[in-house]
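Chemist: Take a look at upload03.csv, CSV, C-alpha atoms and all ligand atoms:
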chain,number,residue,atom,x,y,z
X,1,MET,CA,-63.9,-111.2,-132.5
X,2,GLU,CA,-62.5,-109.1,-129.7
X,3,GLN,CA,-58.7,-108.9,-129.4
X,4,GLY,CA,-58.4,-111.0,-126.2
X,5,GLU,CA,-60.3,-113.9,-127.9
X,6,GLN,CA,-58.0,-113.5,-131.0
X,7,LEU,CA,-55.0,-113.8,-128.7
X,8,CYS,CA,-56.4,-117.0,-127.1
X,9,GLU,CA,-57.0,-118.4,-130.6
X,10,ALA,CA,-53.5,-117.5,-131.8
X,11,ALA,CA,-52.1,-119.0,-128.6
X,12,ARG,CA,-53.9,-122.3,-129.2
X,13,SER,CA,-52.9,-122.6,-132.8
X,14,GLY,CA,-49.4,-121.4,-132.3
X,15,ASP,CA,-49.8,-118.6,-134.8
X,16,LEU,CA,-46.8,-116.5,-133.7
X,17,ASP,CA,-47.1,-113.8,-136.4
X,18,LYS,CA,-50.7,-113.2,-135.5
X,19,LEU,CA,-49.9,-113.2,-131.8
X,20,ARG,CA,-47.1,-110.7,-132.2
X,21,ALA,CA,-49.3,-108.4,-134.3
X,22,LEU,CA,-52.0,-108.5,-131.7
X,23,ILE,CA,-49.5,-107.8,-128.9
X,24,ASP,CA,-48.0,-104.9,-130.9
X,25,SER,CA,-51.5,-103.4,-131.4
X,26,GLY,CA,-52.0,-103.4,-127.6
X,27,ALA,CA,-54.0,-106.6,-127.0
X,28,ASP,CA,-54.3,-107.4,-123.3
X,29,VAL,CA,-52.0,-110.4,-122.6
X,30,SER,CA,-53.7,-111.0,-119.2
X,31,TYR,CA,-57.1,-111.4,-120.8
X,32,PHE,CA,-59.4,-114.0,-119.3
X,33,ASP,CA,-61.8,-115.7,-121.7
X,34,GLY,CA,-65.3,-116.9,-120.9
X,35,GLU,CA,-64.0,-120.0,-119.3
X,36,GLY,CA,-61.6,-118.0,-117.1
X,37,LEU,CA,-58.5,-119.0,-119.1
X,38,THR,CA,-55.7,-116.7,-120.3
X,39,PRO,CA,-53.8,-116.9,-123.6
X,40,LEU,CA,-50.9,-118.3,-121.7
X,41,MET,CA,-53.0,-121.1,-120.3
X,42,HIS,CA,-54.2,-122.0,-123.8
X,43,ALA,CA,-50.6,-122.0,-125.1
X,44,ALA,CA,-49.4,-124.2,-122.2
X,45,LYS,CA,-52.3,-126.6,-122.7
X,46,HIS,CA,-51.5,-127.0,-126.4
X,47,GLY,CA,-47.8,-127.2,-126.0
X,48,GLN,CA,-47.1,-124.0,-127.9
X,49,ALA,CA,-43.7,-123.3,-126.3
X,50,ALA,CA,-42.7,-120.4,-128.5
X,51,VAL,CA,-46.1,-118.7,-127.8
X,52,VAL,CA,-45.6,-119.3,-124.1
X,53,LYS,CA,-42.2,-117.5,-124.3
X,54,THR,CA,-43.6,-114.6,-126.4
X,55,LEU,CA,-46.5,-114.1,-124.0
X,56,LEU,CA,-44.3,-114.1,-120.9
X,57,ASP,CA,-41.9,-111.7,-122.6
X,58,ALA,CA,-44.9,-109.4,-123.3
X,59,GLY,CA,-45.8,-109.4,-119.6
X,60,ALA,CA,-48.4,-112.2,-119.3
X,61,PRO,CA,-48.7,-113.2,-115.6
X,62,TRP,CA,-47.2,-116.7,-115.1
X,63,ASN,CA,-49.2,-117.2,-112.0
X,64,ALA,CA,-52.7,-116.3,-113.0
X,65,LEU,CA,-55.3,-118.9,-111.9
X,66,SER,CA,-58.2,-120.5,-113.7
X,67,PRO,CA,-61.5,-120.9,-111.9
X,68,SER,CA,-60.4,-124.4,-110.8
X,69,ASN,CA,-57.2,-122.9,-109.4
X,70,LEU,CA,-54.9,-124.1,-112.1
X,71,SER,CA,-52.0,-122.0,-113.5
X,72,ALA,CA,-50.5,-122.2,-117.0
X,73,GLY,CA,-47.8,-124.4,-115.6
X,74,ASP,CA,-50.4,-126.8,-114.2
X,75,PHE,CA,-51.9,-127.1,-117.7
X,76,ALA,CA,-48.5,-127.7,-119.2
X,77,MET,CA,-47.8,-130.3,-116.5
X,78,GLU,CA,-51.1,-132.1,-117.1
X,79,ALA,CA,-50.6,-132.3,-120.8
X,80,SER,CA,-46.9,-133.3,-120.4
X,81,ASN,CA,-45.8,-130.4,-122.5
X,82,GLN,CA,-42.2,-130.4,-121.3
X,83,GLU,CA,-40.8,-127.4,-123.2
X,84,ALA,CA,-43.7,-125.1,-122.3
X,85,TYR,CA,-43.5,-126.4,-118.7
X,86,ASP,CA,-39.8,-125.7,-118.4
X,87,ILE,CA,-40.2,-122.2,-119.7
X,88,LEU,CA,-43.0,-121.6,-117.1
X,89,VAL,CA,-40.9,-123.0,-114.2
X,90,ASN,CA,-38.1,-120.7,-115.1
X,91,ALA,CA,-40.4,-117.7,-115.5
X,92,GLY,CA,-41.9,-118.5,-112.1
X,93,ILE,CA,-38.5,-118.8,-110.4
X,94,GLN,CA,-37.3,-115.5,-111.9
X,95,ALA,CA,-40.4,-113.7,-110.9
X,96,GLU,CA,-40.4,-115.1,-107.4
X,97,LEU,CA,-36.7,-114.3,-106.9
X,98,VAL,CA,-37.5,-110.7,-107.7
X,99,LEU,CA,-41.0,-110.1,-106.5
X,100,GLY,CA,-42.1,-113.0,-104.2
X,101,THR,CA,-45.6,-112.5,-105.7
X,102,ILE,CA,-47.1,-115.8,-104.5
X,103,VAL,CA,-45.9,-115.2,-100.9
X,104,ARG,CA,-47.3,-111.7,-100.8
X,105,ARG,CA,-50.6,-112.8,-102.2
X,106,THR,CA,-50.9,-115.5,-99.6
X,107,ASN,CA,-50.4,-112.8,-97.0
X,108,GLU,CA,-53.0,-110.5,-98.5
X,109,ASN,CA,-55.6,-113.3,-98.4
X,110,GLY,CA,-55.1,-113.1,-94.7
X,111,ASP,CA,-53.7,-116.6,-94.3
X,112,PHE,CA,-51.6,-115.2,-91.4
X,113,ASP,CA,-52.5,-112.1,-89.5
X,114,GLY,CA,-49.2,-111.9,-87.7
X,115,ALA,CA,-50.8,-112.2,-84.3
X,116,TYR,CA,-50.7,-116.0,-84.0
X,117,LEU,CA,-48.2,-116.0,-81.1
X,118,GLU,CA,-50.6,-113.8,-79.0
X,119,ASP,CA,-53.7,-115.9,-79.8
X,120,ARG,CA,-55.1,-118.9,-78.0
X,121,VAL,CA,-54.5,-122.3,-79.5
X,122,THR,CA,-56.5,-125.5,-79.0
X,123,PHE,CA,-55.1,-129.0,-78.7
X,124,SER,CA,-57.0,-132.1,-79.7
X,125,GLU,CA,-55.8,-135.6,-80.4
X,126,ASP,CA,-55.3,-135.1,-84.1
X,127,LYS,CA,-54.6,-131.4,-84.4
X,128,LEU,CA,-53.4,-128.1,-82.9
X,129,MET,CA,-55.5,-125.2,-84.1
X,130,ASP,CA,-55.1,-121.5,-83.9
X,131,SER,CA,-57.9,-119.1,-82.8
X,132,ASP,CA,-59.1,-118.8,-86.5
X,133,SER,CA,-59.7,-122.6,-86.9
X,134,LYS,CA,-56.6,-122.9,-89.0
X,135,ALA,CA,-54.4,-125.9,-88.3
X,136,VAL,CA,-51.0,-125.2,-86.8
X,137,MET,CA,-50.1,-128.9,-86.9
X,138,MET,CA,-52.0,-132.1,-87.8
X,139,ALA,CA,-51.5,-135.7,-86.9
X,140,TRP,CA,-51.5,-136.9,-90.6
X,141,GLU,CA,-48.0,-135.4,-90.8
X,142,LYS,CA,-46.7,-138.0,-88.3
X,143,PRO,CA,-45.0,-140.2,-91.0
X,144,LEU,CA,-43.5,-137.1,-92.6
X,145,MET,CA,-42.1,-135.9,-89.2
X,146,GLU,CA,-40.7,-139.4,-88.6
X,147,ALA,CA,-38.9,-139.2,-91.9
X,148,HIS,CA,-37.6,-135.7,-91.1
X,149,ALA,CA,-36.3,-136.9,-87.8
X,150,LYS,CA,-34.6,-139.9,-89.4
X,151,ALA,CA,-32.9,-137.5,-91.9
X,152,VAL,CA,-31.6,-135.0,-89.3
X,153,CYS,CA,-30.6,-137.6,-86.8
X,154,SER,CA,-28.7,-139.7,-89.3
X,155,GLY,CA,-25.3,-138.5,-88.0
X,156,GLY,CA,-26.4,-138.6,-84.3
X,157,GLY,CA,-24.8,-135.9,-82.1
X,158,HIS,CA,-26.5,-132.6,-81.3
X,159,ILE,CA,-30.0,-131.9,-82.7
X,160,LEU,CA,-32.0,-128.7,-83.0
X,161,ASN,CA,-35.7,-128.4,-83.7
X,162,ILE,CA,-37.4,-125.1,-84.3
X,163,GLY,CA,-41.2,-125.3,-83.5
X,164,PHE,CA,-42.6,-128.0,-81.2
X,165,GLY,CA,-46.3,-128.0,-82.3
X,166,MET,CA,-47.6,-131.4,-81.4
X,167,GLY,CA,-44.2,-132.7,-80.6
X,168,LEU,CA,-44.3,-135.3,-83.4
X,169,VAL,CA,-40.9,-134.6,-84.8
X,170,ASP,CA,-39.4,-134.3,-81.3
X,171,THR,CA,-40.9,-137.6,-80.2
X,172,ALA,CA,-39.3,-139.2,-83.3
X,173,ILE,CA,-36.0,-137.4,-82.6
X,174,GLN,CA,-35.9,-138.8,-79.1
X,175,GLN,CA,-36.0,-142.4,-80.6
X,176,TYR,CA,-32.5,-141.7,-81.9
X,177,ALA,CA,-31.2,-140.8,-78.5
X,178,PRO,CA,-29.3,-137.7,-79.5
X,179,VAL,CA,-26.5,-136.4,-77.3
X,180,THR,CA,-28.5,-133.1,-76.9
X,181,HIS,CA,-31.8,-132.2,-78.3
X,182,THR,CA,-32.6,-128.5,-78.3
X,183,ILE,CA,-36.2,-127.3,-79.0
X,184,VAL,CA,-37.1,-123.7,-79.7
X,185,GLU,CA,-40.8,-122.9,-79.2
X,186,ALA,CA,-42.4,-119.4,-79.2
X,187,HIS,CA,-46.0,-120.0,-78.3
X,188,PRO,CA,-46.7,-119.6,-74.5
X,189,GLU,CA,-49.4,-122.3,-74.5
X,190,VAL,CA,-47.4,-124.8,-76.5
X,191,TYR,CA,-44.5,-124.1,-74.2
X,192,LYS,CA,-46.6,-124.7,-71.1
X,193,ARG,CA,-47.9,-127.9,-72.5
X,194,MET,CA,-44.4,-129.1,-73.3
X,195,LEU,CA,-43.5,-128.6,-69.6
X,196,ARG,CA,-46.8,-130.3,-68.5
X,197,THR,CA,-46.0,-133.3,-70.6
X,198,GLY,CA,-42.5,-133.8,-69.2
X,199,TRP,CA,-40.4,-132.4,-72.0
X,200,GLY,CA,-38.5,-130.2,-69.5
X,201,ASP,CA,-37.5,-133.3,-67.5
X,202,LYS,CA,-35.7,-135.2,-70.2
X,203,ASP,CA,-31.9,-135.4,-69.6
X,204,ASN,CA,-30.9,-134.6,-73.1
X,205,VAL,CA,-33.6,-132.0,-73.9
X,206,LYS,CA,-33.0,-128.3,-73.6
X,207,ILE,CA,-36.1,-126.1,-74.3
X,208,ILE,CA,-35.6,-122.5,-75.4
X,209,PHE,CA,-38.8,-120.5,-75.1
X,210,GLY,CA,-39.0,-117.6,-77.6
X,211,ARG,CA,-39.1,-116.8,-81.3
X,212,TRP,CA,-36.1,-118.3,-83.0
X,213,GLN,CA,-35.3,-114.8,-84.3
X,214,ASP,CA,-34.9,-113.6,-80.7
X,215,VAL,CA,-33.0,-116.5,-79.3
X,216,LEU,CA,-30.3,-117.0,-81.9
X,217,SER,CA,-27.6,-116.0,-79.4
X,218,GLN,CA,-28.6,-118.9,-77.2
X,219,LEU,CA,-28.1,-121.4,-79.9
X,220,GLU,CA,-24.9,-123.4,-80.6
X,221,SER,CA,-24.0,-125.5,-83.6
X,222,TYR,CA,-25.7,-128.8,-84.4
X,223,ASP,CA,-25.3,-132.0,-86.3
X,224,GLY,CA,-28.9,-132.0,-87.4
X,225,ILE,CA,-31.5,-129.2,-87.7
X,226,PHE,CA,-35.2,-129.2,-88.4
X,227,PHE,CA,-37.3,-126.1,-89.0
X,228,ASP,CA,-41.1,-126.0,-89.0
X,229,THR,CA,-42.7,-122.9,-87.6
X,230,TYR,CA,-46.2,-121.5,-88.2
X,231,GLY,CA,-47.6,-118.1,-88.9
X,232,GLU,CA,-44.4,-117.1,-90.7
X,233,TYR,CA,-43.6,-116.3,-94.3
X,234,TYR,CA,-41.2,-117.6,-96.9
X,235,GLU,CA,-39.0,-114.6,-96.1
X,236,ASP,CA,-38.6,-116.0,-92.5
X,237,LEU,CA,-37.5,-119.4,-93.8
X,238,ARG,CA,-35.1,-117.6,-96.1
X,239,GLU,CA,-33.8,-115.5,-93.2
X,240,PHE,CA,-33.3,-118.7,-91.1
X,241,HIS,CA,-31.2,-120.1,-93.9
X,242,GLN,CA,-28.8,-117.2,-93.7
X,243,HIS,CA,-27.9,-118.5,-90.2
X,244,LEU,CA,-27.2,-122.1,-91.3
X,245,PRO,CA,-23.4,-121.5,-91.8
X,246,ILE,CA,-23.2,-120.8,-88.1
X,247,LEU,CA,-25.9,-123.2,-86.8
X,248,LEU,CA,-25.0,-126.3,-88.8
X,249,LYS,CA,-21.8,-128.2,-88.1
X,250,PRO,CA,-19.6,-129.5,-90.9
X,251,GLY,CA,-21.1,-132.8,-92.1
X,252,GLY,CA,-24.5,-131.8,-90.5
X,253,ILE,CA,-27.9,-132.3,-92.1
X,254,TYR,CA,-30.6,-129.7,-92.3
X,255,SER,CA,-34.3,-130.2,-93.2
X,256,PHE,CA,-37.5,-128.1,-93.1
X,257,PHE,CA,-41.2,-128.7,-93.4
X,258,ASN,CA,-41.7,-128.3,-97.1
X,259,GLY,CA,-45.3,-127.0,-97.2
X,260,LEU,CA,-44.4,-124.2,-99.7
X,261,CYS,CA,-47.4,-123.5,-101.8
X,262,GLY,CA,-48.9,-126.8,-100.8
X,263,GLY,CA,-52.2,-126.0,-102.5
X,264,ASN,CA,-51.0,-125.8,-106.1
X,265,ALA,CA,-48.8,-128.5,-107.7
X,266,PHE,CA,-47.1,-126.1,-110.1
X,267,PHE,CA,-46.4,-123.3,-107.6
X,268,HIS,CA,-45.0,-126.0,-105.3
X,269,VAL,CA,-42.6,-127.1,-108.0
X,270,VAL,CA,-41.5,-123.5,-108.5
X,271,TYR,CA,-40.9,-123.0,-104.8
X,272,CYS,CA,-39.0,-126.3,-104.5
X,273,HIS,CA,-36.7,-125.0,-107.2
X,274,LEU,CA,-36.5,-121.6,-105.6
X,275,VAL,CA,-35.6,-122.8,-102.1
X,276,SER,CA,-33.0,-125.2,-103.5
X,277,LEU,CA,-31.5,-122.4,-105.6
X,278,GLU,CA,-31.3,-120.1,-102.6
X,279,LEU,CA,-29.7,-122.8,-100.4
X,280,GLU,CA,-27.3,-123.5,-103.2
X,281,ASN,CA,-26.2,-119.9,-103.2
X,282,LEU,CA,-25.5,-120.3,-99.5
X,283,GLY,CA,-23.4,-123.4,-100.2
X,284,TYR,CA,-25.9,-126.2,-99.5
X,285,SER,CA,-27.1,-129.0,-101.8
X,286,THR,CA,-30.7,-130.0,-101.4
X,287,GLN,CA,-32.1,-133.5,-102.2
X,288,LEU,CA,-35.9,-133.7,-102.4
X,289,ILE,CA,-37.1,-137.1,-101.4
X,290,PRO,CA,-40.6,-137.9,-102.7
X,291,LEU,CA,-42.9,-139.4,-100.1
X,292,PRO,CA,-46.5,-140.4,-101.2
X,293,VAL,CA,-49.1,-138.8,-98.9
X,294,LYS,CA,-52.3,-139.4,-100.7
X,295,ASP,CA,-53.2,-142.4,-98.5
X,296,CYS,CA,-53.0,-140.6,-95.2
X,297,LEU,CA,-55.0,-137.6,-96.4
X,298,GLY,CA,-58.7,-138.4,-96.8
X,299,GLU,CA,-61.2,-135.6,-97.0
X,300,GLU,CA,-62.3,-136.3,-93.4
X,301,VAL,CA,-58.9,-135.2,-92.2
X,302,TRP,CA,-59.8,-131.6,-93.0
X,303,GLU,CA,-63.2,-131.5,-91.2
X,304,GLY,CA,-63.4,-128.3,-89.2
X,305,VAL,CA,-60.2,-127.0,-90.6
X,306,LYS,CA,-60.5,-123.6,-92.3
X,307,HIS,CA,-57.4,-123.7,-94.6
X,308,LYS,CA,-56.4,-126.9,-96.4
X,309,TYR,CA,-52.7,-126.2,-96.4
X,310,TRP,CA,-51.7,-129.3,-98.3
X,311,GLN,CA,-53.5,-130.7,-101.4
X,312,LEU,CA,-50.8,-132.6,-103.3
X,313,ASP,CA,-50.2,-136.3,-103.6
X,314,THR,CA,-46.5,-136.3,-103.0
X,315,TYR,CA,-44.5,-134.6,-100.3
X,316,PHE,CA,-40.9,-133.7,-101.2
X,317,LEU,CA,-38.7,-134.0,-98.1
X,318,PRO,CA,-35.7,-131.8,-98.3
X,319,VAL,CA,-32.3,-133.1,-97.1
X,320,CYS,CA,-29.7,-130.3,-97.2
X,321,GLN,CA,-25.9,-130.6,-96.7
X,322,SER,CA,-23.0,-128.3,-97.1
X,323,MET,CA,-21.6,-128.7,-100.6
X,324,GLN,CA,-18.1,-128.7,-98.9
X,325,ASP,CA,-19.0,-132.0,-97.2
X,326,SER,CA,-19.4,-133.8,-100.5
X,327,GLU,CA,-16.1,-132.4,-102.0
U,1,LIG,C1,-46.2,-126.6,-87.5
U,1,LIG,S1,-45.9,-126.5,-85.8
U,1,LIG,C2,-44.5,-127.6,-85.6
U,1,LIG,C3,-44.9,-129.0,-85.7
U,1,LIG,C4,-43.8,-130.0,-85.3
U,1,LIG,N1,-42.8,-130.1,-86.3
U,1,LIG,C5,-44.4,-131.3,-84.9
U,1,LIG,O1,-43.8,-132.3,-85.3
U,1,LIG,O2,-45.4,-131.4,-84.2
U,1,LIG,C6,-45.1,-125.0,-85.6
U,1,LIG,C7,-44.7,-124.6,-84.3
U,1,LIG,O3,-43.8,-123.5,-84.4
U,1,LIG,C8,-44.1,-122.5,-83.3
U,1,LIG,N2,-43.6,-121.2,-83.8
U,1,LIG,C9,-44.2,-120.3,-84.6
U,1,LIG,N3,-43.4,-119.3,-84.8
U,1,LIG,C10,-42.2,-119.5,-84.2
U,1,LIG,C11,-41.0,-118.8,-84.1
U,1,LIG,N4,-40.8,-117.7,-84.7
U,1,LIG,N5,-40.0,-119.4,-83.3
U,1,LIG,C12,-40.2,-120.6,-82.7
U,1,LIG,N6,-41.3,-121.3,-82.8
U,1,LIG,C13,-42.3,-120.8,-83.5
U,1,LIG,C14,-45.6,-122.6,-83.2
U,1,LIG,O4,-46.0,-122.1,-82.0
U,1,LIG,C15,-45.8,-124.1,-83.4
U,1,LIG,O5,-45.7,-124.8,-82.1
Just dump the structure as structure tokens.
Modeler:
Amino acid sequence: MEQGEQLCEAARSGDLDKLRALIDSGADVSYFDGEGLTPLMHAAKHGQAAVVKTLLDAGAPWNALSPSNLSAGDFAMEASNQEAYDILVNAGIQAELVLGTIVRRTNENGDFDGAYLEDRVTFSEDKLMDSDSKAVMMAWEKPLMEAHAKAVCSGGGHILNIGFGMGLVDTAIQQYAPVTHTIVEAHPEVYKRMLRTGWGDKDNVKIIFGRWQDVLSQLESYDGIFFDTYGEYYEDLREFHQHLPILLKPGGIYSFFNGLCGGNAFFHVVYCHLVSLELENLGYSTQLIPLPVKDCLGEEVWEGVKHKYWQLDTYFLPVCQSMQDSE
């Protein structure tokens, strides 16, 4: 039997001595067997936590995907193998903190080409699309946007929203009659549509046209902030978070659209942990409120949409607050 197959077998049965001997003799820990599974996936599936650890230490990729787009962590999750799962979550967080592999790979797949703001967009009743038939925003998210608005408006006062899209969150924010409601939008056509539909005439609304990165000096500090852009990367969200200490008033609430790795359940868990950890390092606690979304997401929703950016049954709505507020 070839070494890769032997590794898979040792991983399944939990034979650590055999596994170590194979690794020491140069067996390939990133081997894919005939079914497209790696030794790490086999170990995760069979709850062999010590094997999972040994393989990861030997350089096995935590984020390799099976032909059905499942990672070792998904297999551990499906089989309720908690110990293996925890080891994989930690490995994922550590790797992403250092390398950002998932984010980079998404970029290489051409999910965003960086030219979104110069491209045409198309509005219809249920979605806003970019020129590549990818959805910028979709109406199924309305209940989520309403929940985000409720969270960021809970203390009233001055509210900031980054990214207008279809105006769903802004419409919901208006229901709470904030003292001021600032909206930053960078796409010229979205901006024109905002003006056409009367957003520029509302007494408490201030529209700032431009990329948030370029208009920071025009911003003040706010009681509630929501962030939901398009065509940007995790690094941009991370960069935005660096400005929270200036943008968010003491006692304020921050939230963002949590679509991080929305195509894979395990990667999403890793990114939820990662973003919470990074916010914690900046002094913010993050509560992730589970909202079921399965019912508003039938297959027909995605007709004509090139990239299915969300495929999970539960949405985790982040509610972030300064840790000093709770002291
Ligand atoms: C997903 S949509 C927002 C949807 C919105 N939350 C809603 O409820 O309809 C993203 C919006 O962010 C805008 N955008 C993209 N990059 C931006 C940036 N750097 N600064 C400000 N707005 C940006 C896009 O043009 C788009 O209108």
Chemist: Nearest to Asn90 of chain X: which of X:His187, X:Lys53, X:Arg120, X:His181 is it, counting only C-alpha atoms?
Modeler: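 Between X:His187, X:Lys53, X:Arg120, X:His181, the residue approaching Asn90 of chain X most closely is X:Lys53.
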Chemist: 7 Å from ligand LIG 1 (chain U) is the threshold here; counting all atoms listed in the file, which polymer residues fall inside it? Answer as a list in words.
Modeler: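 For ligand LIG 1 (chain U), the residues inside 7 Å are Leu117, Val136, Met137, Met145, Ile162, Gly163, Phe164, Gly165, Met166, Gly167, Leu168, Val169, Asp170, Val184, Glu185, Ala186, His187, Val190, Gly210, Arg211, Trp212, Gln213, Asp228, Thr229, Tyr230, Gly231 and Glu232 of chain X.
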Chemist: Which residues, written as number ranges by chain, have at least one atom at most 10 Å from Leu219 of chain X, with all atoms listed in the file counted and residues fewer than 3 positions away on the same chain left out?
Modeler: X: 160, 182, 184, 208, 212, 215-216, 222, 246-247
Chemist: Can you tell me how far atom CA of Leu7 of chain X sits from atom CA of Gly263 of chain X, in Å to one decimal?
Modeler: 29.0 Å
Chemist: Do you know which residues are at most 6 Å from segment 65-72 of chain X counting all atoms listed in the file, after dropping those on the same chain fewer than 3 positions away, and could you put them as a compact mmCIF listing (two decimals) with C-alpha atoms, in the coordinates of the input?
Modeler:
# COMPACT_ATOMS: atom_id res chain seq x y z
CA GLY X 36 -61.60 -118.00 -117.10
CA LEU X 37 -58.50 -119.00 -119.10
CA MET X 41 -53.00 -121.10 -120.30
CA ALA X 44 -49.40 -124.20 -122.20
CA PHE X 75 -51.90 -127.10 -117.70
Chemist: Can you list, as a PDB file with C-alpha atoms, in the coordinates of the input, every protein, DNA or RNA residue that comes within 7 Å of His42 of chain X when you count all atoms listed in the file, leaving out same-chain residues fewer than 4 positions away?
Modeler:
ATOM      1  CA  CYS X   8     -56.400-117.000-127.100  1.00  0.00           C
ATOM      2  CA  ALA X  11     -52.100-119.000-128.600  1.00  0.00           C
ATOM      3  CA  ARG X  12     -53.900-122.300-129.200  1.00  0.00           C
ATOM      4  CA  THR X  38     -55.700-116.700-120.300  1.00  0.00           C
ATOM      5  CA  HIS X  46     -51.500-127.000-126.400  1.00  0.00           C
TER       6      HIS X  46
END
Chemist: To one decimal in Å, tell me the separation between atom CA of Ala151 of chain X and atom CA of Tyr234 of chain X.
Modeler: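 So the answer is 22.1 Å.
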Chemist: How many Å lie between atom CA of Gly157 of chain X and atom CA of Ser217 of chain X, rounded to one decimal?
Modeler: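 It comes out at 20.3 Å.
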Chemist: Restricting the calculation to all atoms listed in the file: of X:His273, X:Arg20, X:Lys192, X:Lys202, which residue gets closest to Asp86 of chain X?
Modeler: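 Of the candidates, the smallest distance to Asp86 of chain X is held by X:His273.
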Chemist: Which of these, X:Tyr233, X:Tyr116, X:Phe257, X:Tyr85, has the shortest distance to Gly47 of chain X once you count all atoms listed in the file?
Modeler: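 Of X:Tyr233, X:Tyr116, X:Phe257, X:Tyr85, the one nearest Gly47 of chain X, counting all atoms listed in the file, is X:Tyr85.
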Chemist: Can you tell me, as a list in words, what residues are no more than 10 Å from Gly156 of chain X when counting only C-alpha atoms, ignoring any on the same chain fewer than 2 positions away?
Modeler: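 Here the answer would be Lys150, Val152, Cys153, Ser154, His158, Ile159, Ile173, Tyr176, Ala177, Pro178, Val179, Thr180, Tyr222, Asp223, Gly224 and Gly252 of chain X.
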Chemist: Within 8 Å of (-45.5, -120.0, -111.8) in the file's own coordinates, which protein, DNA or RNA residues have an atom, counting only C-alpha atoms? List them as a PyMOL selection string.
Modeler: chain X and resi 62-63+71-73+88-89+91-93+266-267+270
Chemist: Can you pull out every residue within 12 Å of Ser133 of chain X, counting only C-alpha atoms, but drop anything in the same chain fewer than 4 positions away, and send it as an MDAnalysis selection string?
Modeler: chainID X and resid 111:112 116 119:123 127:129 137 302:308
Chemist: Ranking X:Ala21, X:Val51, X:Leu56, X:Met323 by minimum distance to Pro250 of chain X and counting all atoms listed in the file, which one comes first?
Modeler: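 With all atoms listed in the file as the atom set, the closest residue is X:Met323.
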Chemist: Under the rule that all atoms listed in the file are counted, which of X:Ala60, X:Ile289, X:Tyr315, X:Gly251 is the nearest residue to Gly155 of chain X?
Modeler: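 Under the stated criterion, the closest residue is X:Gly251.
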Chemist: Check the smallest atom-to-atom distance from each of X:Trp199, X:Phe226, X:Lys45, X:Val275 to Ala149 of chain X using all atoms listed in the file, then report the winner.
Modeler: X:Phe226
